[in-house]
file coords.cif (mmCIF, C-alpha atoms)
data_query
loop_
_atom_site.label_atom_id
_atom_site.label_comp_id
_atom_site.auth_asym_id
_atom_site.auth_seq_id
_atom_site.Cartn_x
_atom_site.Cartn_y
_atom_site.Cartn_z
CA MET A 1 30.54 -49.66 -33.98
CA SER A 2 34.24 -50.49 -33.66
CA ILE A 3 35.81 -52.59 -30.95
CA HIS A 4 37.35 -49.47 -29.40
CA ALA A 5 33.94 -47.83 -29.07
CA HIS A 6 32.54 -50.94 -27.37
CA ILE A 7 35.44 -50.96 -24.93
CA LEU A 8 34.92 -47.25 -24.19
CA VAL A 9 31.18 -47.70 -23.50
CA LEU A 10 31.90 -50.70 -21.28
CA PHE A 11 34.49 -48.68 -19.38
CA PHE A 12 31.99 -45.87 -18.64
CA ILE A 13 29.34 -48.37 -17.52
CA LEU A 14 31.76 -50.04 -15.13
CA ALA A 15 33.02 -46.69 -13.83
CA LYS A 16 29.44 -45.51 -13.16
CA ALA A 17 28.59 -48.77 -11.38
CA GLN A 18 31.72 -48.48 -9.26
CA MET A 19 30.88 -44.88 -8.36
CA GLN A 20 27.35 -45.84 -7.32
CA ALA A 21 28.74 -48.68 -5.21
CA ASN A 22 31.14 -46.26 -3.48
CA VAL A 23 28.32 -43.77 -2.81
CA GLN A 24 26.17 -46.52 -1.28
CA ARG A 25 29.09 -47.72 0.85
CA LEU A 26 29.79 -44.16 2.00
CA MET A 27 26.13 -43.59 2.91
CA MET A 28 26.03 -46.83 4.89
CA ASP A 29 29.19 -45.93 6.79
CA LEU A 30 27.95 -42.40 7.59
CA MET A 31 24.43 -43.38 8.65
CA SER A 32 25.20 -46.62 10.48
CA ASN A 33 25.46 -44.93 13.90
CA TYR A 34 24.09 -41.49 13.01
CA LYS A 35 21.26 -40.00 15.11
CA ASP A 36 19.54 -37.06 13.44
CA GLU A 37 17.74 -36.03 16.66
CA TYR A 38 21.01 -35.09 18.42
CA ARG A 39 22.97 -31.92 17.83
CA PRO A 40 26.29 -32.63 16.04
CA ALA A 41 28.46 -31.35 18.89
CA LEU A 42 31.40 -33.04 20.61
CA ASN A 43 30.25 -31.71 24.00
CA ALA A 44 26.77 -30.91 25.27
CA THR A 45 27.85 -27.34 26.04
CA ASP A 46 29.23 -26.66 22.55
CA VAL A 47 27.32 -24.08 20.51
CA ILE A 48 26.85 -24.81 16.81
CA GLU A 49 27.37 -21.85 14.52
CA VAL A 50 24.73 -21.66 11.80
CA ARG A 51 25.08 -19.20 8.92
CA VAL A 52 22.05 -17.98 6.98
CA THR A 53 22.11 -16.45 3.50
CA PHE A 54 18.91 -14.93 2.10
CA LYS A 55 18.50 -13.80 -1.51
CA LEU A 56 15.19 -12.24 -2.49
CA THR A 57 14.43 -13.00 -6.14
CA GLY A 58 10.90 -11.72 -6.72
CA ILE A 59 7.86 -10.04 -5.23
CA THR A 60 4.61 -11.31 -6.72
CA ASN A 61 2.09 -9.46 -4.58
CA VAL A 62 2.04 -6.58 -2.08
CA ASP A 63 -1.36 -6.62 -0.38
CA ILE A 64 -1.60 -3.41 1.63
CA VAL A 65 -5.21 -4.04 2.67
CA ASN A 66 -4.51 -7.43 4.28
CA SER A 67 -0.91 -6.54 5.29
CA PHE A 68 1.01 -9.34 3.65
CA VAL A 69 3.59 -9.80 0.90
CA THR A 70 4.05 -12.80 -1.39
CA PHE A 71 7.62 -13.36 -2.54
CA SER A 72 10.13 -15.89 -3.83
CA ALA A 73 13.67 -16.29 -2.53
CA TRP A 74 16.66 -18.58 -2.04
CA ILE A 75 17.68 -19.46 1.53
CA ALA A 76 20.99 -21.17 2.29
CA VAL A 77 21.62 -22.46 5.83
CA SER A 78 25.10 -23.87 6.55
CA TRP A 79 26.75 -25.49 9.56
CA HIS A 80 29.41 -28.09 10.46
CA ASP A 81 28.50 -31.66 11.39
CA VAL A 82 31.38 -33.49 13.09
CA ASN A 83 29.61 -36.82 12.61
CA LEU A 84 29.54 -36.56 8.82
CA GLU A 85 33.24 -36.30 7.94
CA TRP A 86 35.06 -38.77 5.71
CA ASN A 87 38.28 -39.24 3.79
CA PRO A 88 37.63 -38.90 0.02
CA ASP A 89 40.56 -41.21 -0.80
CA THR A 90 38.76 -44.08 0.94
CA TYR A 91 35.75 -43.71 -1.36
CA SER A 92 37.32 -43.18 -4.80
CA GLY A 93 37.63 -39.40 -4.39
CA ILE A 94 33.98 -38.64 -3.49
CA LYS A 95 33.91 -35.16 -1.93
CA TYR A 96 30.23 -34.24 -2.08
CA LEU A 97 26.88 -35.88 -1.41
CA SER A 98 23.37 -34.65 -2.12
CA LEU A 99 20.93 -35.60 0.62
CA SER A 100 17.37 -35.06 1.71
CA PRO A 101 16.92 -32.68 4.70
CA SER A 102 15.15 -35.43 6.62
CA GLN A 103 18.25 -37.67 6.58
CA ILE A 104 20.46 -35.61 8.90
CA TRP A 105 20.25 -33.15 11.82
CA ASN A 106 18.81 -29.75 10.94
CA PRO A 107 18.71 -26.50 12.96
CA HIS A 108 15.17 -25.82 11.66
CA VAL A 109 15.69 -22.19 10.72
CA ALA A 110 12.39 -20.64 9.62
CA VAL A 111 10.81 -17.29 8.73
CA LEU A 112 9.01 -16.19 11.89
CA ASN A 113 6.47 -13.88 10.25
CA MET A 114 5.43 -16.50 7.69
CA LEU A 115 1.70 -16.85 6.98
CA LYS A 116 1.73 -19.52 4.28
CA ARG A 117 4.32 -21.40 2.26
CA SER A 118 3.58 -22.70 -1.22
CA GLN A 119 5.10 -25.99 -2.40
CA GLU A 120 4.82 -24.98 -6.06
CA ASP A 121 8.26 -24.64 -7.74
CA SER A 122 9.95 -25.09 -4.35
CA VAL A 123 13.41 -26.68 -4.02
CA ASP A 124 14.76 -28.27 -0.84
CA TYR A 125 17.99 -30.30 -0.67
CA ILE A 126 21.28 -30.61 1.24
CA ILE A 127 24.85 -30.61 -0.05
CA LEU A 128 27.28 -32.45 2.24
CA GLN A 129 31.07 -32.02 1.93
CA SER A 130 33.72 -34.49 3.05
CA SER A 131 34.94 -31.93 5.62
CA GLY A 132 31.58 -32.17 7.40
CA ASN A 133 30.30 -28.82 6.15
CA VAL A 134 26.57 -28.92 5.42
CA GLU A 135 24.61 -26.51 3.25
CA HIS A 136 20.83 -26.63 3.21
CA LEU A 137 19.48 -24.93 0.08
CA GLN A 138 15.85 -23.91 -0.31
CA ARG A 139 13.95 -22.07 -2.98
CA ILE A 140 10.74 -20.84 -1.37
CA ASN A 141 7.49 -19.16 -2.39
CA MET A 142 6.01 -17.66 0.73
CA LYS A 143 3.44 -15.25 2.12
CA VAL A 144 4.61 -13.18 5.12
CA SER A 145 2.86 -10.60 7.29
CA GLN A 146 4.07 -7.01 6.97
CA ASP A 147 3.26 -3.55 8.34
CA LEU A 148 2.28 -1.70 5.15
CA ASN A 149 1.20 1.91 4.63
CA ALA A 150 -0.53 3.51 1.62
CA HIS A 151 -0.52 7.12 2.89
CA PHE A 152 1.63 8.43 0.01
CA PHE A 153 0.14 6.24 -2.74
CA PRO A 154 1.24 6.03 -5.58
CA TYR A 155 4.61 7.45 -4.45
CA ASP A 156 4.80 5.18 -1.42
CA ARG A 157 7.73 3.22 -0.10
CA GLN A 158 7.34 0.03 1.87
CA VAL A 159 9.84 -1.49 4.31
CA LEU A 160 9.59 -5.28 4.17
CA LYS A 161 11.03 -7.23 7.10
CA PHE A 162 11.89 -10.93 7.23
CA HIS A 163 12.78 -12.49 10.60
CA PHE A 164 14.71 -15.78 10.84
CA ALA A 165 15.20 -17.97 13.90
CA SER A 166 15.40 -21.61 14.90
CA TRP A 167 12.10 -23.16 15.92
CA ILE A 168 13.77 -25.51 18.41
CA TYR A 169 17.21 -24.36 19.56
CA ASP A 170 18.03 -21.31 21.68
CA GLU A 171 21.27 -19.31 21.78
CA SER A 172 22.94 -21.76 24.16
CA GLN A 173 22.63 -24.47 21.50
CA VAL A 174 22.69 -22.69 18.13
CA HIS A 175 24.26 -19.36 17.24
CA LEU A 176 22.78 -17.79 14.12
CA ARG A 177 24.85 -15.50 11.94
CA TRP A 178 24.47 -13.98 8.50
CA GLY A 179 26.54 -15.51 5.72
CA SER A 180 29.78 -13.75 4.88
CA ASN A 181 28.51 -12.80 1.40
CA MET A 182 25.23 -11.14 2.46
CA LYS A 183 26.45 -7.62 1.59
CA GLU A 184 27.46 -8.75 -1.88
CA ILE A 185 24.11 -10.48 -2.40
CA MET A 186 22.14 -7.42 -1.29
CA SER A 187 24.07 -5.22 -3.70
CA LYS A 188 23.06 -7.48 -6.62
CA VAL A 189 19.36 -7.90 -5.84
CA ARG A 190 17.13 -7.40 -8.87
CA LEU A 191 13.44 -7.85 -8.19
CA SER A 192 11.26 -9.43 -10.87
CA SER A 193 8.35 -7.02 -10.35
CA ASN A 194 6.77 -4.56 -12.78
CA GLU A 195 5.26 -2.41 -10.04
CA TRP A 196 8.02 -2.28 -7.41
CA ILE A 197 11.72 -1.45 -7.61
CA TRP A 198 14.50 -2.25 -5.16
CA ASP A 199 15.71 0.72 -3.09
CA LYS A 200 17.99 -0.52 -0.31
CA GLY A 201 18.51 -3.42 2.07
CA LYS A 202 19.84 -4.04 5.56
CA ALA A 203 20.68 -7.24 7.46
CA GLN A 204 21.06 -7.34 11.24
CA SER A 205 20.81 -9.73 14.19
CA TYR A 206 19.27 -9.42 17.65
CA ARG A 207 18.17 -11.54 20.60
CA LEU A 208 14.54 -12.40 21.21
CA MET A 209 13.10 -13.85 24.41
CA SER A 210 10.70 -16.69 23.68
CA GLU A 211 7.24 -16.48 25.24
CA ILE A 212 7.30 -20.26 25.68
CA ARG A 213 10.63 -20.49 27.50
CA LYS A 214 10.82 -17.07 29.14
CA GLU A 215 11.28 -18.67 32.55
CA ASP A 216 14.60 -20.14 31.36
CA ALA A 217 15.96 -16.64 30.62
CA VAL A 218 17.66 -18.01 27.49
CA PRO A 219 17.19 -15.82 24.41
CA TYR A 220 16.76 -17.03 20.85
CA MET A 221 19.11 -15.53 18.29
CA THR A 222 17.05 -13.88 15.56
CA LEU A 223 18.20 -12.54 12.21
CA SER A 224 16.33 -9.67 10.60
CA TYR A 225 16.48 -8.77 6.91
CA ALA A 226 14.80 -5.52 5.85
CA ILE A 227 14.47 -4.08 2.37
CA THR A 228 12.88 -0.90 1.11
CA ILE A 229 10.89 -1.06 -2.11
CA GLN A 230 9.39 1.84 -4.01
CA ARG A 231 6.32 1.80 -6.24
CA THR A 232 6.74 2.87 -9.85
CA PRO A 233 4.09 5.65 -10.16
CA GLN A 234 4.06 6.30 -13.94
CA PHE A 235 0.91 4.26 -14.62
CA TYR A 236 -1.04 5.79 -11.73
CA PHE A 237 0.08 9.30 -12.67
CA LYS A 238 -1.34 8.94 -16.18
CA ILE A 239 -4.59 7.27 -15.11
CA ILE A 240 -5.39 9.08 -11.84
CA ILE A 241 -3.29 12.14 -11.07
CA PHE A 242 -2.92 13.79 -14.48
CA PRO A 243 -6.69 13.85 -15.28
CA SER A 244 -7.34 15.36 -11.85
CA ILE A 245 -4.79 18.12 -12.50
CA ILE A 246 -6.44 18.97 -15.83
CA ILE A 247 -9.91 19.08 -14.30
CA SER A 248 -8.70 21.17 -11.35
CA ALA A 249 -7.09 23.63 -13.78
CA ILE A 250 -10.34 24.01 -15.75
CA ILE A 251 -12.53 24.63 -12.67
CA PRO A 252 -11.40 28.31 -12.18
CA LEU A 253 -12.34 29.03 -15.81
CA VAL A 254 -15.99 28.54 -14.86
CA PHE A 255 -15.96 31.85 -12.97
CA LEU A 256 -14.79 33.69 -16.09
CA LEU A 257 -17.99 32.89 -17.95
CA PRO A 258 -20.89 35.39 -17.69
CA HIS A 259 -23.70 34.49 -15.31
CA GLU A 260 -26.33 34.67 -18.04
CA GLU A 261 -24.48 32.16 -20.25
CA GLY A 262 -26.13 28.74 -20.31
CA ASP A 263 -22.81 27.09 -21.10
CA ARG A 264 -21.63 27.84 -17.58
CA ILE A 265 -24.11 25.41 -16.03
CA GLY A 266 -23.26 22.81 -18.65
CA LEU A 267 -19.51 23.16 -17.98
CA VAL A 268 -19.98 22.90 -14.22
CA SER A 269 -22.09 19.77 -14.63
CA ALA A 270 -19.53 18.20 -16.99
CA LEU A 271 -16.66 18.92 -14.58
CA PHE A 272 -18.65 17.54 -11.66
CA PHE A 273 -19.40 14.26 -13.45
CA ALA A 274 -15.77 14.05 -14.65
CA GLN A 275 -14.63 14.31 -11.03
CA LEU A 276 -17.06 11.59 -10.00
CA ILE A 277 -15.77 9.29 -12.74
CA ASN A 278 -12.20 9.92 -11.65
CA LEU A 279 -13.20 9.26 -8.06
CA VAL A 280 -14.56 5.84 -9.11
CA MET A 281 -11.22 5.08 -10.82
CA VAL A 282 -9.35 6.13 -7.70
CA GLN A 283 -11.50 3.76 -5.67
CA GLN A 284 -10.47 0.90 -7.97
CA PHE A 285 -6.72 1.53 -7.75
CA VAL A 286 -6.09 3.00 -4.29
CA PRO A 287 -5.83 0.36 -1.50
CA PRO A 288 -8.93 0.76 0.72
CA THR A 289 -7.08 0.97 4.01
CA GLY A 290 -7.62 3.39 6.85
CA LYS A 291 -4.18 3.36 8.52
CA PRO A 292 -3.82 6.13 7.42
CA GLU A 293 -5.93 7.05 4.40
CA ALA A 294 -4.12 7.85 1.15
CA LEU A 295 -3.53 11.56 0.58
CA ILE A 296 -4.74 11.25 -3.01
CA CYS A 297 -8.25 10.45 -1.72
CA GLU A 298 -8.32 13.62 0.35
CA MET A 299 -7.26 15.58 -2.73
CA TYR A 300 -10.19 14.18 -4.72
CA TYR A 301 -12.65 14.92 -1.92
CA LEU A 302 -11.46 18.53 -1.91
CA ASN A 303 -11.82 18.79 -5.71
CA VAL A 304 -15.39 17.48 -5.57
CA ILE A 305 -16.29 19.98 -2.85
CA VAL A 306 -14.80 22.85 -4.86
#
call {"tool": "encode", "arguments": {"input": "coords.cif", "output": "structure tokens"}}
result
Amino acid sequence: MSIHAHILVLFFILAKAQMQANVQRLMMDLMSNYKDEYRPALNATDVIEVRVTFKLTGITNVDIVNSFVTFSAWIAVSWHDVNLEWNPDTYSGIKYLSLSPSQIWNPHVAVLNMLKRSQEDSVDYIILQSSGNVEHLQRINMKVSQDLNAHFFPYDRQVLKFHFASWIYDESQVHLRWGSNMKEIMSKVRLSSNEWIWDKGKAQSYRLMSEIRKEDAVPYMTLSYAITIQRTPQFYFKIIIFPSIIISAIIPLVFLLPHEEGDRIGLVSALFFAQLINLVMVQQFVPPTGKPEALICEMYYLNVIV
């Protein structure tokens, strides 16, 4: 290795060491008097604006029987912290820091209808800018409760709703708003699901009175994100519906056979057992829920009676 290469390697080592020293100095200066339990507001009456961006990336399970949906998504929560501003020129041009969520104040925005959150493949970190802007990024795998209906199975549509709010702060302390790019994100959603396809989405906000602090008459700002998904019915049509149509079309032919023909009894018996077999297959695929019962089950009951 030439002398120039050695000098170049030494230069990069020194530059990296200097950068790490500046990052450590910046962290010490920011956290020396920082209190993560206090809202980053200049006055106690100031309301902190918190923007939420939600991008659904996949639906892994739609359980109609138990009324829950398992999904994966990215959630970005951003706000401004006046206590975490610095001049980049003072710290060798450092403009960004990557922090742990436990190191600074957090509005604690959560999914209200969450049942269970999986830590597998989850991501949770904070990007801090020199201007004091904070962005909390999370990749989540979560199970949420939903009001699901299988009445029109397998041509059913389901409206999935996700409700976001702060666990701790009401509207007088934190004002939740959707991120400015939510419409663009919703228009580009592509679900990684073989059974369900994206139909449409809608994001809105409303106020919700807390049962715990109802006596204070201070509402909690809640964000609601609703999407409509539609089941792809091709598989169920081939396995369930099409055989039933064929059998139903053959049934009237039984009455064309003469009464004295022995084949008539054999054909009726074969059709009856074919309907029973199809009914067993329907039982395996149709969600066994009674609110309300799937129309396809009523069709099969009618075919068996006929």
call {"tool": "atom_distance", "arguments": {"input": "coords.cif", "atom1": "CA of Pro233 in chain A", "atom2": "CA of Tyr155 in chain A"}}
result
6.0 Å
call {"tool": "resolve_selection", "arguments": {"input": "coords.cif", "expression": "the PyMOL selection byres ((chain A and resi 152) around 10)", "output": "list in words"}}
result
Asn149, Ala150, His151, Phe153, Pro154, Tyr155, Asp156, Arg157, Pro292, Glu293, Ala294, Leu295 and Ile296 of chain A
call {"tool": "closest_residue", "arguments": {"input": "coords.cif", "among": "A:Gly179, A:Pro101, A:Pro88, A:Pro243", "to": "His136 in chain A", "atoms": "all atoms listed in the file"}}
result
A:Pro101
call {"tool": "closest_residue", "arguments": {"input": "coords.cif", "among": "A:Ser102, A:Gln20, A:Asn87, A:Asn113", "to": "Tyr225 in chain A", "atoms": "only C-alpha atoms"}}
result
A:Asn113
call {"tool": "resolve_selection", "arguments": {"input": "coords.cif", "expression": "the PyMOL selection byres ((chain A and resi 173) around 10)", "output": "ChimeraX atom specification"}}
result
/A:39,41,44-49,107,168-172,174-176,220
call {"tool": "write_last_selection", "arguments": {"input": "coords.cif", "atoms": "C-alpha atoms", "output": "PDB file, in the coordinates of the input"}}
result
ATOM      1  CA  ARG A  39      22.970 -31.920  17.830  1.00  0.00           C
ATOM      2  CA  ALA A  41      28.460 -31.350  18.890  1.00  0.00           C
ATOM      3  CA  ALA A  44      26.770 -30.910  25.270  1.00  0.00           C
ATOM      4  CA  THR A  45      27.850 -27.340  26.040  1.00  0.00           C
ATOM      5  CA  ASP A  46      29.230 -26.660  22.550  1.00  0.00           C
ATOM      6  CA  VAL A  47      27.320 -24.080  20.510  1.00  0.00           C
ATOM      7  CA  ILE A  48      26.850 -24.810  16.810  1.00  0.00           C
ATOM      8  CA  GLU A  49      27.370 -21.850  14.520  1.00  0.00           C
ATOM      9  CA  PRO A 107      18.710 -26.500  12.960  1.00  0.00           C
ATOM     10  CA  ILE A 168      13.770 -25.510  18.410  1.00  0.00           C
ATOM     11  CA  TYR A 169      17.210 -24.360  19.560  1.00  0.00           C
ATOM     12  CA  ASP A 170      18.030 -21.310  21.680  1.00  0.00           C
ATOM     13  CA  GLU A 171      21.270 -19.310  21.780  1.00  0.00           C
ATOM     14  CA  SER A 172      22.940 -21.760  24.160  1.00  0.00           C
ATOM     15  CA  VAL A 174      22.690 -22.690  18.130  1.00  0.00           C
ATOM     16  CA  HIS A 175      24.260 -19.360  17.240  1.00  0.00           C
ATOM     17  CA  LEU A 176      22.780 -17.790  14.120  1.00  0.00           C
ATOM     18  CA  TYR A 220      16.760 -17.030  20.850  1.00  0.00           C
TER      19      TYR A 220
END
call {"tool": "atom_distance", "arguments": {"input": "coords.cif", "atom1": "CA of Leu42 in chain A", "atom2": "CA of Ser130 in chain A"}}
result
17.8 Å
call {"tool": "axis_aligned_box", "arguments": {"input": "coords.cif", "around": "range 43-54 of chain A", "padding_each_side": "3 Å", "output": "JSON"}}
result
{"center_x": 24.6, "center_y": -23.3, "center_z": 14.1, "size_x": 17.3, "size_y": 22.8, "size_z": 29.9}
call {"tool": "residues_around", "arguments": {"input": "coords.cif", "residues": "Asp29 in chain A", "least_positions_apart": "4", "cutoff": "12 Å", "atoms": "only C-alpha atoms", "output": "PDB file with C-alpha atoms, in the coordinates of the input"}}
result
ATOM      1  CA  ASN A  22      31.140 -46.260  -3.480  1.00  0.00           C
ATOM      2  CA  VAL A  23      28.320 -43.770  -2.810  1.00  0.00           C
ATOM      3  CA  GLN A  24      26.170 -46.520  -1.280  1.00  0.00           C
ATOM      4  CA  ARG A  25      29.090 -47.720   0.850  1.00  0.00           C
ATOM      5  CA  ASN A  33      25.460 -44.930  13.900  1.00  0.00           C
ATOM      6  CA  TYR A  34      24.090 -41.490  13.010  1.00  0.00           C
ATOM      7  CA  ASN A  83      29.610 -36.820  12.610  1.00  0.00           C
ATOM      8  CA  LEU A  84      29.540 -36.560   8.820  1.00  0.00           C
ATOM      9  CA  GLU A  85      33.240 -36.300   7.940  1.00  0.00           C
ATOM     10  CA  TRP A  86      35.060 -38.770   5.710  1.00  0.00           C
ATOM     11  CA  ASN A  87      38.280 -39.240   3.790  1.00  0.00           C
ATOM     12  CA  THR A  90      38.760 -44.080   0.940  1.00  0.00           C
ATOM     13  CA  TYR A  91      35.750 -43.710  -1.360  1.00  0.00           C
TER      14      TYR A  91
END
call {"tool": "atom_distance", "arguments": {"input": "coords.cif", "atom1": "CA of Tyr38 in chain A", "atom2": "CA of Trp79 in chain A"}}
result
14.3 Å
call {"tool": "closest_residue", "arguments": {"input": "coords.cif", "among": "A:Ile140, A:Met221, A:Ile126, A:Val280", "to": "Ser100 in chain A", "atoms": "only C-alpha atoms"}}
result
A:Ile126
call {"tool": "residues_around", "arguments": {"input": "coords.cif", "residues": "Ser145 in chain A", "least_positions_apart": "6", "cutoff": "8 Å", "atoms": "all atoms listed in the file", "output": "ChimeraX atom specification"}}
result
/A:67-69,113-115
call {"tool": "resolve_selection", "arguments": {"input": "coords.cif", "expression": "the PyMOL selection byres ((chain A and resi 119) around 12)", "output": "number ranges by chain"}}
result
A: 72, 116-118, 120-124, 138-143
call {"tool": "residues_around", "arguments": {"input": "coords.cif", "residues": "Val159 in chain A", "least_positions_apart": "5", "cutoff": "12 Å", "atoms": "only C-alpha atoms", "output": "PyMOL selection string"}}
result
chain A and resi 62+64+67-69+145-150+196+198-202+225-231
call {"tool": "write_last_selection", "arguments": {"input": "coords.cif", "atoms": "C-alpha atoms", "output": "PDB file, keeping the file's coordinate frame"}}
result
ATOM      1  CA  VAL A  62       2.040  -6.580  -2.080  1.00  0.00           C
ATOM      2  CA  ILE A  64      -1.600  -3.410   1.630  1.00  0.00           C
ATOM      3  CA  SER A  67      -0.910  -6.540   5.290  1.00  0.00           C
ATOM      4  CA  PHE A  68       1.010  -9.340   3.650  1.00  0.00           C
ATOM      5  CA  VAL A  69       3.590  -9.800   0.900  1.00  0.00           C
ATOM      6  CA  SER A 145       2.860 -10.600   7.290  1.00  0.00           C
ATOM      7  CA  GLN A 146       4.070  -7.010   6.970  1.00  0.00           C
ATOM      8  CA  ASP A 147       3.260  -3.550   8.340  1.00  0.00           C
ATOM      9  CA  LEU A 148       2.280  -1.700   5.150  1.00  0.00           C
ATOM     10  CA  ASN A 149       1.200   1.910   4.630  1.00  0.00           C
ATOM     11  CA  ALA A 150      -0.530   3.510   1.620  1.00  0.00           C
ATOM     12  CA  TRP A 196       8.020  -2.280  -7.410  1.00  0.00           C
ATOM     13  CA  TRP A 198      14.500  -2.250  -5.160  1.00  0.00           C
ATOM     14  CA  ASP A 199      15.710   0.720  -3.090  1.00  0.00           C
ATOM     15  CA  LYS A 200      17.990  -0.520  -0.310  1.00  0.00           C
ATOM     16  CA  GLY A 201      18.510  -3.420   2.070  1.00  0.00           C
ATOM     17  CA  LYS A 202      19.840  -4.040   5.560  1.00  0.00           C
ATOM     18  CA  TYR A 225      16.480  -8.770   6.910  1.00  0.00           C
ATOM     19  CA  ALA A 226      14.800  -5.520   5.850  1.00  0.00           C
ATOM     20  CA  ILE A 227      14.470  -4.080   2.370  1.00  0.00           C
ATOM     21  CA  THR A 228      12.880  -0.900   1.110  1.00  0.00           C
ATOM     22  CA  ILE A 229      10.890  -1.060  -2.110  1.00  0.00           C
ATOM     23  CA  GLN A 230       9.390   1.840  -4.010  1.00  0.00           C
ATOM     24  CA  ARG A 231       6.320   1.800  -6.240  1.00  0.00           C
TER      25      ARG A 231
END
call {"tool": "build_atoms", "arguments": {"input": "coords.cif", "residues": "range 20-33 of chain A", "atoms": "N, CA, C and O atoms", "output": "PDB file, in the frame of the given file"}}
result
ATOM      1  N   GLN A  20      28.577 -45.630  -8.074  1.00  0.00           N
ATOM      2  CA  GLN A  20      27.350 -45.840  -7.320  1.00  0.00           C
ATOM      3  C   GLN A  20      27.588 -46.761  -6.129  1.00  0.00           C
ATOM      4  O   GLN A  20      27.031 -46.538  -5.047  1.00  0.00           O
ATOM      5  N   ALA A  21      28.430 -47.770  -6.320  1.00  0.00           N
ATOM      6  CA  ALA A  21      28.740 -48.680  -5.210  1.00  0.00           C
ATOM      7  C   ALA A  21      29.484 -47.937  -4.100  1.00  0.00           C
ATOM      8  O   ALA A  21      29.222 -48.156  -2.907  1.00  0.00           O
ATOM      9  N   ASN A  22      30.402 -47.031  -4.489  1.00  0.00           N
ATOM     10  CA  ASN A  22      31.140 -46.260  -3.480  1.00  0.00           C
ATOM     11  C   ASN A  22      30.220 -45.286  -2.743  1.00  0.00           C
ATOM     12  O   ASN A  22      30.376 -45.065  -1.535  1.00  0.00           O
ATOM     13  N   VAL A  23      29.271 -44.686  -3.457  1.00  0.00           N
ATOM     14  CA  VAL A  23      28.320 -43.770  -2.810  1.00  0.00           C
ATOM     15  C   VAL A  23      27.458 -44.541  -1.809  1.00  0.00           C
ATOM     16  O   VAL A  23      27.228 -44.064  -0.680  1.00  0.00           O
ATOM     17  N   GLN A  24      26.978 -45.711  -2.189  1.00  0.00           N
ATOM     18  CA  GLN A  24      26.170 -46.520  -1.280  1.00  0.00           C
ATOM     19  C   GLN A  24      26.973 -46.944  -0.055  1.00  0.00           C
ATOM     20  O   GLN A  24      26.470 -46.917   1.072  1.00  0.00           O
ATOM     21  N   ARG A  25      28.232 -47.315  -0.283  1.00  0.00           N
ATOM     22  CA  ARG A  25      29.090 -47.720   0.850  1.00  0.00           C
ATOM     23  C   ARG A  25      29.343 -46.542   1.779  1.00  0.00           C
ATOM     24  O   ARG A  25      29.320 -46.681   3.007  1.00  0.00           O
ATOM     25  N   LEU A  26      29.562 -45.363   1.190  1.00  0.00           N
ATOM     26  CA  LEU A  26      29.790 -44.160   2.000  1.00  0.00           C
ATOM     27  C   LEU A  26      28.544 -43.820   2.812  1.00  0.00           C
ATOM     28  O   LEU A  26      28.642 -43.502   4.006  1.00  0.00           O
ATOM     29  N   MET A  27      27.367 -43.893   2.190  1.00  0.00           N
ATOM     30  CA  MET A  27      26.130 -43.590   2.910  1.00  0.00           C
ATOM     31  C   MET A  27      25.911 -44.571   4.053  1.00  0.00           C
ATOM     32  O   MET A  27      25.490 -44.175   5.161  1.00  0.00           O
ATOM     33  N   MET A  28      26.196 -45.844   3.829  1.00  0.00           N
ATOM     34  CA  MET A  28      26.030 -46.830   4.890  1.00  0.00           C
ATOM     35  C   MET A  28      26.979 -46.570   6.046  1.00  0.00           C
ATOM     36  O   MET A  28      26.605 -46.685   7.214  1.00  0.00           O
ATOM     37  N   ASP A  29      28.222 -46.200   5.730  1.00  0.00           N
ATOM     38  CA  ASP A  29      29.190 -45.930   6.790  1.00  0.00           C
ATOM     39  C   ASP A  29      28.817 -44.677   7.590  1.00  0.00           C
ATOM     40  O   ASP A  29      28.981 -44.630   8.816  1.00  0.00           O
ATOM     41  N   LEU A  30      28.297 -43.643   6.898  1.00  0.00           N
ATOM     42  CA  LEU A  30      27.950 -42.400   7.590  1.00  0.00           C
ATOM     43  C   LEU A  30      26.699 -42.564   8.462  1.00  0.00           C
ATOM     44  O   LEU A  30      26.628 -42.019   9.572  1.00  0.00           O
ATOM     45  N   MET A  31      25.715 -43.303   7.966  1.00  0.00           N
ATOM     46  CA  MET A  31      24.430 -43.380   8.650  1.00  0.00           C
ATOM     47  C   MET A  31      24.291 -44.576   9.583  1.00  0.00           C
ATOM     48  O   MET A  31      23.249 -44.737  10.214  1.00  0.00           O
ATOM     49  N   SER A  32      25.312 -45.403   9.670  1.00  0.00           N
ATOM     50  CA  SER A  32      25.200 -46.620  10.480  1.00  0.00           C
ATOM     51  C   SER A  32      24.943 -46.290  11.949  1.00  0.00           C
ATOM     52  O   SER A  32      24.122 -46.941  12.608  1.00  0.00           O
ATOM     53  N   ASN A  33      25.642 -45.294  12.488  1.00  0.00           N
ATOM     54  CA  ASN A  33      25.460 -44.930  13.900  1.00  0.00           C
ATOM     55  C   ASN A  33      25.010 -43.475  14.052  1.00  0.00           C
ATOM     56  O   ASN A  33      25.167 -42.892  15.124  1.00  0.00           O
TER      57      ASN A  33
END
